[in-house]
file start_3.txt (compact mmCIF, C-alpha atoms)
# COMPACT_ATOMS: atom_id res chain seq x y z
CA MET E 1 0.00 0.00 0.00
CA ILE E 2 1.23 3.47 -0.81
CA GLY E 3 1.67 5.55 2.33
CA LEU E 4 0.94 9.25 2.82
CA LYS E 5 4.61 10.16 2.37
CA GLU E 6 4.83 8.22 -0.89
CA GLU E 7 1.61 9.81 -2.13
CA GLN E 8 3.02 13.23 -1.26
CA ASP E 9 6.09 12.38 -3.35
CA LEU E 10 3.80 11.45 -6.26
CA TYR E 11 2.22 14.91 -6.10
CA LEU E 12 5.67 16.49 -6.05
CA ALA E 13 6.74 14.49 -9.10
CA GLN E 14 3.57 15.45 -10.97
CA PHE E 15 4.14 19.07 -10.11
CA GLN E 16 7.56 18.98 -11.73
CA LYS E 17 5.99 17.78 -14.99
CA PHE E 18 3.12 20.25 -14.68
CA ALA E 19 5.42 23.23 -14.04
CA ALA E 20 7.77 22.28 -16.87
CA ALA E 21 4.87 22.40 -19.33
CA ARG E 22 3.75 25.90 -18.30
CA THR E 23 5.45 28.05 -20.88
CA GLY E 24 4.71 31.68 -21.62
CA GLU E 25 2.80 32.26 -18.39
CA PRO E 26 3.27 35.27 -16.06
CA ALA E 27 6.23 35.13 -13.71
CA TRP E 28 4.01 35.94 -10.71
CA LEU E 29 1.86 32.88 -11.40
CA ASN E 30 4.82 30.51 -11.67
CA ALA E 31 6.26 31.96 -8.45
CA LEU E 32 2.90 31.48 -6.69
CA ARG E 33 2.68 27.86 -7.77
CA LYS E 34 6.24 27.14 -6.68
CA LYS E 35 5.72 28.74 -3.28
CA ALA E 36 2.51 26.77 -2.76
CA MET E 37 4.12 23.46 -3.64
CA GLU E 38 7.02 24.16 -1.32
CA ARG E 39 4.53 24.78 1.46
CA PHE E 40 2.64 21.58 0.63
CA ALA E 41 5.92 19.67 0.82
CA GLU E 42 6.47 21.10 4.31
CA LEU E 43 2.94 20.43 5.55
CA GLY E 44 2.32 17.06 3.91
CA LEU E 45 -1.10 15.48 3.75
CA PRO E 46 -2.96 16.03 7.04
CA SER E 47 -3.11 13.20 9.55
CA THR E 48 -5.53 12.44 12.35
CA HIS E 49 -2.93 13.79 14.82
CA LEU E 50 -4.02 17.28 13.76
CA GLU E 51 -7.03 18.58 15.70
CA ASP E 52 -8.86 19.79 12.58
CA TRP E 53 -8.46 16.33 11.00
CA LYS E 54 -8.96 14.25 14.13
CA TYR E 55 -12.01 12.42 12.78
CA THR E 56 -11.17 12.42 9.07
CA ASN E 57 -8.56 10.00 7.80
CA VAL E 58 -7.32 10.88 4.31
CA SER E 59 -5.11 7.81 3.99
CA ALA E 60 -7.56 6.46 1.40
CA LEU E 61 -6.30 9.22 -0.89
CA ALA E 62 -2.97 7.40 -0.95
CA LYS E 63 -4.35 4.25 -2.57
CA PRO E 64 -5.32 5.21 -6.16
CA PRO E 65 -2.46 6.79 -8.18
CA PHE E 66 -4.35 10.00 -9.02
CA GLN E 67 -3.11 11.82 -12.11
CA LEU E 68 -3.96 15.12 -13.76
CA SER E 69 -6.23 14.77 -16.77
CA GLN E 70 -4.34 14.72 -20.05
CA GLY E 71 -7.18 16.33 -21.98
CA VAL E 72 -10.84 17.22 -21.89
CA HIS E 73 -12.90 14.04 -21.77
CA ARG E 74 -15.53 14.46 -24.45
CA ILE E 75 -19.08 14.06 -23.23
CA GLY E 76 -22.29 14.88 -25.02
CA LYS E 77 -24.77 17.54 -24.02
CA ALA E 78 -27.51 14.92 -23.81
CA MET E 79 -25.47 12.96 -21.26
CA LEU E 80 -24.91 16.08 -19.20
CA GLU E 81 -28.57 17.11 -19.32
CA ARG E 82 -29.56 13.84 -17.63
CA GLU E 83 -27.78 14.98 -14.48
CA PRO E 84 -30.15 16.87 -12.13
CA LEU E 85 -27.49 19.28 -10.87
CA ALA E 86 -26.48 20.24 -14.42
CA LYS E 87 -29.95 21.35 -15.55
CA LEU E 88 -30.90 24.06 -13.10
CA GLN E 89 -32.44 26.41 -15.69
CA CYS E 90 -29.75 29.06 -15.51
CA GLY E 91 -29.16 31.06 -18.67
CA THR E 92 -25.41 31.26 -18.09
CA ARG E 93 -23.52 28.02 -17.49
CA LEU E 94 -19.81 27.25 -17.31
CA VAL E 95 -18.92 23.56 -17.52
CA PHE E 96 -15.60 22.01 -16.56
CA VAL E 97 -14.72 18.39 -17.29
CA ASN E 98 -11.95 16.88 -15.17
CA GLY E 99 -10.95 20.38 -14.15
CA ARG E 100 -10.81 21.94 -17.63
CA HIS E 101 -13.23 24.30 -19.29
CA ALA E 102 -15.51 22.71 -21.89
CA PRO E 103 -16.81 25.58 -24.07
CA GLU E 104 -19.00 23.26 -26.16
CA LEU E 105 -21.01 22.38 -23.04
CA SER E 106 -21.17 25.90 -21.67
CA ALA E 107 -23.68 28.63 -22.47
CA MET E 108 -23.60 32.39 -22.12
CA GLY E 109 -26.95 33.96 -21.38
CA SER E 110 -27.99 37.58 -21.36
CA LEU E 111 -25.91 39.41 -18.77
CA PRO E 112 -25.88 43.06 -17.68
CA ALA E 113 -23.19 45.30 -19.10
CA GLY E 114 -19.81 44.91 -17.44
CA VAL E 115 -20.42 41.42 -16.03
CA ARG E 116 -17.60 39.08 -16.95
CA VAL E 117 -18.03 35.29 -16.87
CA HIS E 118 -15.05 33.31 -18.15
CA SER E 119 -12.65 30.54 -17.32
CA LEU E 120 -9.52 31.16 -15.28
CA ALA E 121 -7.37 29.67 -18.03
CA ASP E 122 -8.77 32.15 -20.57
CA ALA E 123 -8.26 35.05 -18.16
CA LEU E 124 -4.65 34.07 -17.56
CA ARG E 125 -3.96 33.67 -21.27
CA GLY E 126 -5.50 37.07 -21.88
CA GLY E 127 -3.22 38.73 -19.36
CA ASP E 128 -6.03 39.94 -17.09
CA GLY E 129 -4.25 42.03 -14.46
CA ARG E 130 -7.11 41.77 -11.98
CA ILE E 131 -6.42 38.07 -11.55
CA GLU E 132 -3.02 38.74 -9.98
CA SER E 133 -4.51 41.21 -7.50
CA HIS E 134 -7.13 38.71 -6.28
CA LEU E 135 -6.01 35.11 -6.86
CA ALA E 136 -4.80 33.45 -3.63
CA ARG E 137 -5.23 36.71 -1.71
CA TYR E 138 -8.03 35.38 0.49
CA ALA E 139 -7.62 31.59 0.82
CA SER E 140 -4.28 31.22 2.58
CA PHE E 141 -2.22 28.08 2.09
CA ASP E 142 0.16 28.75 5.00
CA ASN E 143 -1.46 26.09 7.20
CA GLN E 144 -3.86 24.36 4.80
CA ALA E 145 -2.29 21.49 2.86
CA PHE E 146 -5.13 21.03 0.38
CA VAL E 147 -5.32 24.77 -0.37
CA ALA E 148 -1.55 24.67 -0.96
CA LEU E 149 -1.96 21.68 -3.28
CA ASN E 150 -4.75 23.42 -5.19
CA THR E 151 -2.70 26.59 -5.57
CA ALA E 152 0.33 24.65 -6.79
CA PHE E 153 -1.75 23.12 -9.59
CA VAL E 154 -3.88 26.21 -10.26
CA ASP E 155 -4.84 26.19 -13.93
CA ASP E 156 -8.57 26.56 -14.56
CA GLY E 157 -11.88 27.33 -12.92
CA ALA E 158 -14.57 29.98 -12.97
CA VAL E 159 -13.89 33.71 -12.82
CA ILE E 160 -17.01 35.86 -12.43
CA GLU E 161 -16.84 39.63 -11.97
CA VAL E 162 -19.92 41.74 -11.23
CA PRO E 163 -19.25 45.51 -11.34
CA LYS E 164 -20.65 47.92 -8.78
CA GLY E 165 -24.35 48.68 -8.86
CA THR E 166 -25.28 45.62 -10.93
CA ALA E 167 -27.93 42.99 -10.19
CA LEU E 168 -28.01 39.53 -11.80
CA GLU E 169 -31.58 38.34 -12.33
CA GLU E 170 -30.64 34.65 -12.07
CA PRO E 171 -27.70 32.65 -10.76
CA VAL E 172 -24.66 31.74 -12.80
CA LEU E 173 -24.27 27.94 -12.86
CA VAL E 174 -20.79 26.42 -12.68
CA VAL E 175 -20.76 22.65 -13.27
CA PHE E 176 -17.76 20.47 -12.46
CA VAL E 177 -17.91 17.03 -14.04
CA SER E 178 -15.56 14.19 -13.18
CA ALA E 179 -15.59 11.78 -16.10
CA GLY E 180 -13.98 8.37 -16.47
CA GLY E 181 -11.78 6.97 -19.18
CA GLU E 182 -8.39 8.10 -17.92
CA GLY E 183 -8.02 6.05 -14.74
CA PRO E 184 -8.00 7.75 -11.31
CA VAL E 185 -8.12 11.44 -12.26
CA MET E 186 -7.62 14.42 -9.99
CA ALA E 187 -8.66 18.02 -10.59
CA HIS E 188 -7.87 21.22 -8.70
CA PRO E 189 -10.43 23.83 -9.82
CA ARG E 190 -9.92 27.41 -8.63
CA ASN E 191 -12.88 29.79 -8.62
CA LEU E 192 -12.91 33.54 -8.12
CA TYR E 193 -16.12 35.52 -7.56
CA LEU E 194 -15.81 39.30 -7.33
CA VAL E 195 -19.00 41.24 -6.56
CA GLY E 196 -18.71 45.01 -6.54
CA ARG E 197 -20.19 47.65 -4.28
CA GLY E 198 -23.98 47.59 -4.08
CA SER E 199 -24.36 44.63 -6.46
CA GLN E 200 -26.43 41.45 -6.18
CA ALA E 201 -25.40 38.05 -7.50
CA ALA E 202 -25.87 34.33 -6.95
CA PHE E 203 -23.54 31.51 -7.97
CA ILE E 204 -24.24 27.78 -8.04
CA GLU E 205 -21.36 25.31 -8.02
CA SER E 206 -22.44 21.73 -8.69
CA TYR E 207 -20.18 18.67 -8.62
CA ILE E 208 -21.21 15.48 -10.40
CA SER E 209 -19.64 12.27 -11.71
CA LEU E 210 -20.30 10.48 -14.97
CA GLY E 211 -19.58 6.79 -14.66
CA GLU E 212 -17.86 4.85 -11.92
CA GLY E 213 -14.28 4.90 -10.70
CA ALA E 214 -12.13 6.78 -8.21
CA ARG E 215 -11.80 10.54 -8.72
CA PHE E 216 -10.27 13.27 -6.59
CA THR E 217 -11.63 16.82 -6.67
CA ASN E 218 -9.78 19.45 -4.64
CA VAL E 219 -11.46 22.82 -5.17
CA VAL E 220 -10.92 26.31 -3.75
CA SER E 221 -13.42 29.14 -4.22
CA GLU E 222 -12.63 32.72 -3.22
CA VAL E 223 -15.56 35.13 -2.83
CA VAL E 224 -15.39 38.91 -2.34
CA ALA E 225 -18.53 40.85 -1.41
CA GLY E 226 -17.96 44.60 -1.74
CA ASP E 227 -19.62 47.31 0.33
CA GLY E 228 -23.37 46.73 0.40
CA ALA E 229 -23.19 43.74 -1.96
CA VAL E 230 -25.56 40.78 -1.61
CA VAL E 231 -24.03 37.43 -2.56
CA GLU E 232 -25.61 33.98 -2.47
CA HIS E 233 -23.31 31.00 -3.00
CA TYR E 234 -24.52 27.41 -3.54
CA LYS E 235 -22.19 24.43 -3.36
CA LEU E 236 -23.98 21.21 -4.31
CA GLN E 237 -22.04 17.94 -4.34
CA ALA E 238 -23.41 14.60 -5.61
CA GLU E 239 -20.37 12.74 -6.95
CA ASN E 240 -20.14 8.96 -7.16
CA LEU E 241 -19.46 6.82 -4.12
CA GLU E 242 -15.85 6.14 -5.11
CA ALA E 243 -14.97 9.81 -5.32
CA PHE E 244 -12.95 11.94 -2.91
CA HIS E 245 -14.02 15.56 -2.55
CA VAL E 246 -12.12 18.27 -0.65
CA ALA E 247 -13.33 21.87 -0.86
CA THR E 248 -12.51 25.25 0.63
CA VAL E 249 -14.75 28.30 0.33
CA GLN E 250 -13.14 31.53 1.55
CA ALA E 251 -15.35 34.62 1.63
CA LEU E 252 -14.45 38.22 2.44
CA GLN E 253 -17.26 40.59 3.41
CA GLU E 254 -16.88 44.34 3.33
CA ARG E 255 -19.05 46.99 4.97
CA ALA E 256 -22.84 46.29 5.11
CA SER E 257 -22.55 43.34 2.74
CA ALA E 258 -24.60 40.14 2.97
CA PHE E 259 -23.29 36.67 2.22
CA VAL E 260 -25.41 33.51 2.19
CA SER E 261 -23.85 30.06 1.78
CA HIS E 262 -25.79 26.88 0.94
CA ASN E 263 -23.59 23.80 1.27
CA VAL E 264 -25.15 20.40 0.40
CA SER E 265 -23.21 17.12 0.37
CA LEU E 266 -24.89 13.94 -0.85
CA GLY E 267 -22.15 12.03 -2.67
CA ALA E 268 -18.50 10.90 -2.51
CA ALA E 269 -16.87 8.25 -0.37
CA LEU E 270 -15.11 11.00 1.55
CA ALA E 271 -16.19 14.65 1.49
CA ARG E 272 -14.55 17.47 3.38
CA ASN E 273 -15.88 21.04 3.24
CA ASP E 274 -14.21 24.06 4.82
CA ILE E 275 -16.43 27.17 4.73
CA ASN E 276 -14.59 30.24 6.07
CA VAL E 277 -15.98 33.77 6.21
CA LEU E 278 -14.26 36.97 7.33
CA LEU E 279 -16.76 39.69 8.26
CA ASP E 280 -14.36 42.58 7.75
CA GLY E 281 -16.78 45.49 7.42
CA GLU E 282 -19.13 47.06 9.95
CA GLY E 283 -22.70 45.86 9.51
CA ALA E 284 -21.84 42.82 7.40
CA GLU E 285 -24.34 39.95 7.70
CA CYS E 286 -23.69 36.25 7.07
CA HIS E 287 -25.87 33.14 6.87
CA LEU E 288 -24.41 29.64 6.58
CA ASN E 289 -26.83 26.82 5.70
CA GLY E 290 -25.66 23.24 5.39
CA LEU E 291 -27.15 19.81 4.77
CA PHE E 292 -25.34 16.50 4.46
CA ALA E 293 -26.74 13.02 3.97
CA ALA E 294 -24.60 9.90 4.07
CA SER E 295 -25.25 6.17 3.81
CA GLY E 296 -23.23 2.98 3.45
CA ARG E 297 -19.68 3.80 4.52
CA GLN E 298 -19.63 7.43 3.40
CA HIS E 299 -17.79 9.99 5.48
CA VAL E 300 -18.72 13.70 5.42
CA ASP E 301 -16.78 16.36 7.33
CA ASN E 302 -17.95 19.98 7.53
CA HIS E 303 -15.73 22.64 9.09
CA THR E 304 -17.03 26.20 9.28
CA ALA E 305 -15.33 29.33 10.62
CA LEU E 306 -16.98 32.72 11.07
CA ASP E 307 -14.50 35.47 11.89
CA HIS E 308 -16.28 38.55 13.27
CA ALA E 309 -13.67 41.29 12.89
CA ARG E 310 -15.90 44.40 12.93
CA PRO E 311 -18.84 45.61 15.08
CA TYR E 312 -22.56 45.25 14.40
CA CYS E 313 -22.25 42.05 12.35
CA PRO E 314 -24.99 39.41 12.75
CA SER E 315 -24.52 35.82 11.65
CA ARG E 316 -26.78 32.77 11.54
CA GLU E 317 -25.60 29.22 10.97
CA MET E 318 -27.72 26.09 10.59
CA TYR E 319 -26.21 22.72 9.63
CA LYS E 320 -28.10 19.44 9.59
CA GLY E 321 -26.83 15.92 9.04
CA ILE E 322 -28.68 12.71 8.14
CA LEU E 323 -26.68 9.50 8.50
CA ASP E 324 -27.63 5.91 7.68
CA GLY E 325 -25.85 2.57 7.39
CA GLN E 326 -22.27 2.65 8.67
CA SER E 327 -21.69 6.24 7.62
CA THR E 328 -19.91 8.84 9.73
CA GLY E 329 -20.15 12.60 9.91
CA VAL E 330 -18.25 15.51 11.41
CA PHE E 331 -19.36 19.04 12.18
CA ASN E 332 -16.83 21.50 13.55
CA GLY E 333 -18.16 25.04 13.64
CA LYS E 334 -16.22 27.95 15.09
CA ILE E 335 -17.36 31.50 15.73
CA LEU E 336 -14.54 33.94 16.51
CA VAL E 337 -15.49 37.36 17.88
CA ARG E 338 -12.55 39.73 17.96
CA LYS E 339 -12.14 42.49 20.55
CA GLU E 340 -13.19 45.15 18.03
CA ALA E 341 -16.38 43.28 17.07
CA GLN E 342 -18.73 44.74 19.66
CA LYS E 343 -22.50 44.30 19.21
CA THR E 344 -22.00 40.96 17.46
CA ASN E 345 -25.11 38.79 17.29
CA ALA E 346 -24.25 35.21 16.31
CA LEU E 347 -26.31 32.02 16.41
CA GLN E 348 -25.02 28.57 15.52
CA SER E 349 -27.02 25.32 15.37
CA ASN E 350 -26.08 21.79 14.38
CA LYS E 351 -28.71 19.03 14.41
CA ASN E 352 -28.12 15.44 13.36
CA LEU E 353 -30.44 12.53 12.66
CA LEU E 354 -29.11 8.97 12.92
CA LEU E 355 -31.19 6.46 10.95
CA SER E 356 -29.27 3.33 11.95
CA ALA E 357 -27.38 1.93 14.90
CA GLY E 358 -24.14 1.89 12.90
CA ALA E 359 -24.13 5.58 11.97
CA ALA E 360 -22.08 8.07 13.99
CA ILE E 361 -21.51 11.81 14.21
CA ASN E 362 -18.81 13.89 15.91
CA THR E 363 -20.00 17.43 16.50
CA LYS E 364 -18.04 20.33 17.99
CA PRO E 365 -19.62 23.80 18.00
CA GLN E 366 -17.25 26.46 19.33
CA LEU E 367 -17.34 30.06 20.49
CA GLU E 368 -14.19 32.15 20.96
CA ILE E 369 -15.15 35.61 22.20
CA TYR E 370 -12.88 38.55 23.02
CA ALA E 371 -15.51 41.32 22.95
CA ASP E 372 -17.70 42.07 25.98
CA ASP E 373 -20.89 43.39 24.39
CA VAL E 374 -22.11 40.51 22.27
CA ARG E 375 -24.94 38.00 22.00
CA CYS E 376 -23.74 34.58 20.87
CA THR E 377 -25.30 31.14 21.24
CA HIS E 378 -24.50 27.70 19.89
CA GLY E 379 -25.79 24.18 20.26
CA ALA E 380 -25.77 20.67 18.85
CA THR E 381 -28.18 17.74 19.01
CA VAL E 382 -28.01 14.11 17.94
CA GLY E 383 -31.16 11.99 17.77
CA GLN E 384 -33.16 9.34 15.99
CA ILE E 385 -36.54 9.19 14.26
CA ASP E 386 -39.36 10.18 16.63
CA GLN E 387 -41.01 6.84 17.36
CA ASP E 388 -44.26 8.46 18.53
CA ALA E 389 -44.57 10.36 15.27
CA LEU E 390 -43.72 7.19 13.34
CA PHE E 391 -46.39 5.22 15.22
CA TYR E 392 -48.97 7.96 14.67
CA MET E 393 -48.38 7.97 10.91
CA ARG E 394 -48.56 4.18 10.69
CA THR E 395 -51.93 4.19 12.46
CA ARG E 396 -53.10 6.44 9.61
CA GLY E 397 -52.30 3.79 7.04
CA ILE E 398 -48.86 5.06 6.02
CA SER E 399 -46.24 2.34 5.59
CA ARG E 400 -43.18 2.35 7.83
CA GLU E 401 -40.88 3.17 4.92
CA ALA E 402 -43.02 6.06 3.68
CA ALA E 403 -43.43 7.46 7.20
CA ARG E 404 -39.68 7.31 7.72
CA ASP E 405 -39.11 9.11 4.43
CA LEU E 406 -41.60 11.84 5.30
CA LEU E 407 -40.11 12.47 8.74
CA THR E 408 -36.60 12.55 7.34
CA HIS E 409 -37.59 14.97 4.60
CA ALA E 410 -39.28 17.19 7.18
CA PHE E 411 -36.04 17.23 9.17
CA ALA E 412 -34.12 18.49 6.12
CA ALA E 413 -36.81 20.83 4.81
CA ASP E 414 -35.98 23.94 6.82
CA VAL E 415 -32.44 23.95 5.38
CA LEU E 416 -33.61 23.48 1.80
CA GLU E 417 -36.29 26.12 2.23
CA GLN E 418 -33.59 28.74 2.78
CA MET E 419 -32.68 28.43 -0.91
CA LYS E 420 -34.20 31.18 -3.01
CA TRP E 421 -33.53 29.46 -6.34
CA VAL E 422 -36.50 27.11 -6.68
CA THR E 423 -35.05 24.80 -9.34
CA ALA E 424 -32.00 24.03 -7.20
CA ARG E 425 -34.19 23.30 -4.20
CA SER E 426 -36.50 21.06 -6.23
CA GLN E 427 -33.68 18.99 -7.72
CA LEU E 428 -32.03 18.57 -4.33
CA GLU E 429 -35.29 17.41 -2.78
CA GLN E 430 -35.56 14.71 -5.44
CA LEU E 431 -31.93 13.64 -5.03
CA LEU E 432 -32.28 13.53 -1.26
CA TYR E 433 -35.45 11.44 -1.45
CA ARG E 434 -33.82 9.04 -3.90
CA LYS E 435 -30.79 8.66 -1.66
CA LEU E 436 -32.64 8.14 1.59
CA SER E 437 -35.34 5.88 0.17
CA GLY E 438 -32.94 3.61 -1.69
CA GLY E 439 -34.77 4.32 -4.95
CA ARG E 440 -38.24 3.39 -3.68
CA PRO E 441 -41.06 5.17 -5.51
CA ARG E 442 -43.05 7.75 -3.59
CA GLU E 443 -46.30 6.45 -2.12

call {"tool": "encode", "arguments": {"input": "start_3.txt", "output": "structure tokens"}}
result
Amino acid sequence: MIGLKEEQDLYLAQFQKFAAARTGEPAWLNALRKKAMERFAELGLPSTHLEDWKYTNVSALAKPPFQLSQGVHRIGKAMLEREPLAKLQCGTRLVFVNGRHAPELSAMGSLPAGVRVHSLADALRGGDGRIESHLARYASFDNQAFVALNTAFVDDGAVIEVPKGTALEEPVLVVFVSAGGEGPVMAHPRNLYLVGRGSQAAFIESYISLGEGARFTNVVSEVVAGDGAVVEHYKLQAENLEAFHVATVQALQERASAFVSHNVSLGAALARNDINVLLDGEGAECHLNGLFAASGRQHVDNHTALDHARPYCPSREMYKGILDGQSTGVFNGKILVRKEAQKTNALQSNKNLLLSAGAAINTKPQLEIYADDVRCTHGATVGQIDQDALFYMRTRGISREAARDLLTHAFAADVLEQMKWVTARSQLEQLLYRKLSGGRPRE
């Protein structure tokens, strides 16, 4: 078996080939990649000896010899349209296959003047100076091995810029497809969302697999919400059950901005999500909504961090987990209130539903407060299906399976109902029902 050190060496060897092939690119980009890989070499893949990885063992990532894709895997539009998370009725859609932009699958709808939606690779080739001033400025790789690895292999992803005073009428959809045919493939997408002062925008990232086989997706998304901007970010993951998914979302909020995150994990053998938000402007408001459902031997780990750095900033966080079979889950949510962040109002809630005796959850809500005029609460619960409610429904002629499905859906509903985009919510409800019911038809 390949160990973590050997797997780290494989990444280093691949980086040498990758870097050697990058000709004609800006010096700053090559320097950034080199610095990131040097940091990854120092950090290594995280082990369970680290507190933030105590319950998530990434040694399985050392078994398949993951390689970068050698070219865009050609898939048809009809095949893509069969995937629920790829047909969310958004006029503008960017599609990436195995980490690389697929223009033939993408579509550009009607956008307001000044809005730019393009791939990172195209922006870099075009010499876009704004990329240098924003890329890797928010998601630090100093102490995050997977962010360092992503930055070392940074090549493609979505870049969306919304100028000040602009409102998008519908979300921009960004679809990441992992397709087979090349063996165990890895991809390191890098996304950059820049929303100017007083603007409104929504972005949907969806992650899907076509076919079976081990895949490794390691994505980083950086989000900037300017003064008074309203930003809604969806991250929807339903990859196959042999996939490994590691993701970091890093958001910066400026004065009086609003940021809403919807994070839903249904697929992958191992999924790790880090959602980090810096409220760096007075009056900024943040909402984090999360839902994860696991079955079989799936493992889902959600880490959230809300950094209240300025006064008068409210935040609300609600994460729910549904676990069946022998699956395991992790929730680690931290709220940091700095000394300057007086009048902070923060609420954090994590609720988990265990559907089997073999399922398990490790939950750790945290508050770290240095200000003295704040209102902060947090809590976590772990429970099972309400047997009284189940009995009541069965006495009304509802089968045990249908009653269980209804109660489980009701548990998840208040998270899904936070989503403003109806088509996304509808598709997720169907996927969730299919997953939890084992494919049984609705009664």

call {"tool": "closest_residue", "arguments": {"input": "start_3.txt", "among": "E:Glu401, E:Glu317, E:Asp373, E:Glu222", "to": "Ile385 (chain E)", "atoms": "only C-alpha atoms"}}
result
E:Glu401

call {"tool": "closest_residue", "arguments": {"input": "start_3.txt", "among": "E:Ala41, E:Ile131, E:Leu266, E:Ile361", "to": "Gln430 (chain E)", "atoms": "all atoms listed in the file"}}
result
E:Leu266

call {"tool": "residues_around", "arguments": {"input": "start_3.txt", "residues": "Arg400 (chain E)", "least_positions_apart": "5", "cutoff": "9 Å", "atoms": "all atoms listed in the file", "output": "PyMOL selection string"}}
result
chain E and resi 390-391+393-394+405

call {"tool": "atom_distance", "arguments": {"input": "start_3.txt", "atom1": "CA of Leu12 (chain E)", "atom2": "CA of Thr151 (chain E)"}}
result
13.1 Å

call {"tool": "closest_residue", "arguments": {"input": "start_3.txt", "among": "E:Lys320, E:His303, E:Arg100, E:His287", "to": "Asn345 (chain E)", "atoms": "only C-alpha atoms"}}
result
E:His287

call {"tool": "closest_residue", "arguments": {"input": "start_3.txt", "among": "E:Ala360, E:Arg82, E:Arg197, E:Arg396", "to": "Gly383 (chain E)", "atoms": "all atoms listed in the file"}}
result
E:Ala360

call {"tool": "closest_residue", "arguments": {"input": "start_3.txt", "among": "E:Asp372, E:Glu242, E:Glu25, E:Glu212", "to": "Asp155 (chain E)", "atoms": "only C-alpha atoms"}}
result
E:Glu25

call {"tool": "axis_aligned_box", "arguments": {"input": "start_3.txt", "around": "region 174-188 of chain E", "padding_each_side": "6 Å", "output": "JSON"}}
result
{"center_x": -14.2, "center_y": 16.2, "center_z": -13.9, "size_x": 25.2, "size_y": 32.4, "size_z": 22.5}

call {"tool": "residues_around", "arguments": {"input": "start_3.txt", "residues": "Lys351 (chain E)", "least_positions_apart": "4", "cutoff": "12 Å", "atoms": "all atoms listed in the file", "output": "ChimeraX atom specification"}}
result
/E:289-292,317-323,329-331,361-365,378-384,411-412,414-415

call {"tool": "atom_distance", "arguments": {"input": "start_3.txt", "atom1": "CA of Ile208 (chain E)", "atom2": "CA of Ala86 (chain E)"}}
result
8.2 Å

call {"tool": "atom_distance", "arguments": {"input": "start_3.txt", "atom1": "CA of Val177 (chain E)", "atom2": "CA of Gln144 (chain E)"}}
result
24.6 Å

call {"tool": "residues_near_point", "arguments": {"input": "start_3.txt", "point": "(-27.2, 26.1, -16.9)", "cutoff": "8 Å", "atoms": "all atoms listed in the file", "output": "list of chain:residue names"}}
result
E:Ala86, E:Lys87, E:Leu88, E:Gln89, E:Cys90, E:Gly91, E:Thr92, E:Arg93, E:Leu94, E:Ser106, E:Ala107, E:Val172, E:Leu173, E:Val174

call {"tool": "write_last_selection", "arguments": {"input": "start_3.txt", "atoms": "C-alpha atoms", "output": "PDB file, keeping the file's coordinate frame"}}
result
ATOM      1  CA  ALA E  86     -26.480  20.240 -14.420  1.00  0.00           C
ATOM      2  CA  LYS E  87     -29.950  21.350 -15.550  1.00  0.00           C
ATOM      3  CA  LEU E  88     -30.900  24.060 -13.100  1.00  0.00           C
ATOM      4  CA  GLN E  89     -32.440  26.410 -15.690  1.00  0.00           C
ATOM      5  CA  CYS E  90     -29.750  29.060 -15.510  1.00  0.00           C
ATOM      6  CA  GLY E  91     -29.160  31.060 -18.670  1.00  0.00           C
ATOM      7  CA  THR E  92     -25.410  31.260 -18.090  1.00  0.00           C
ATOM      8  CA  ARG E  93     -23.520  28.020 -17.490  1.00  0.00           C
ATOM      9  CA  LEU E  94     -19.810  27.250 -17.310  1.00  0.00           C
ATOM     10  CA  SER E 106     -21.170  25.900 -21.670  1.00  0.00           C
ATOM     11  CA  ALA E 107     -23.680  28.630 -22.470  1.00  0.00           C
ATOM     12  CA  VAL E 172     -24.660  31.740 -12.800  1.00  0.00           C
ATOM     13  CA  LEU E 173     -24.270  27.940 -12.860  1.00  0.00           C
ATOM     14  CA  VAL E 174     -20.790  26.420 -12.680  1.00  0.00           C
TER      15      VAL E 174
END

call {"tool": "closest_residue", "arguments": {"input": "start_3.txt", "among": "E:Thr328, E:Gln70, E:Gln237, E:Gln16", "to": "Val264 (chain E)", "atoms": "all atoms listed in the file"}}
result
E:Gln237

call {"tool": "residues_around", "arguments": {"input": "start_3.txt", "residues": "Arg255 (chain E)", "least_positions_apart": "3", "cutoff": "6 Å", "atoms": "all atoms listed in the file", "output": "number ranges by chain"}}
result
E: 227, 281-284

call {"tool": "residues_around", "arguments": {"input": "start_3.txt", "residues": "Tyr138 (chain E)", "least_positions_apart": "6", "cutoff": "8 Å", "atoms": "only C-alpha atoms", "output": "list in words"}}
result
Glu222, Gln250, Ala251 and Leu252 of chain E

call {"tool": "residues_around", "arguments": {"input": "start_3.txt", "residues": "Lys34 (chain E)", "least_positions_apart": "5", "cutoff": "12 Å", "atoms": "only C-alpha atoms", "output": "PyMOL selection string"}}
result
chain E and resi 12+15-16+18-20+22+27-29+39-41+148-154
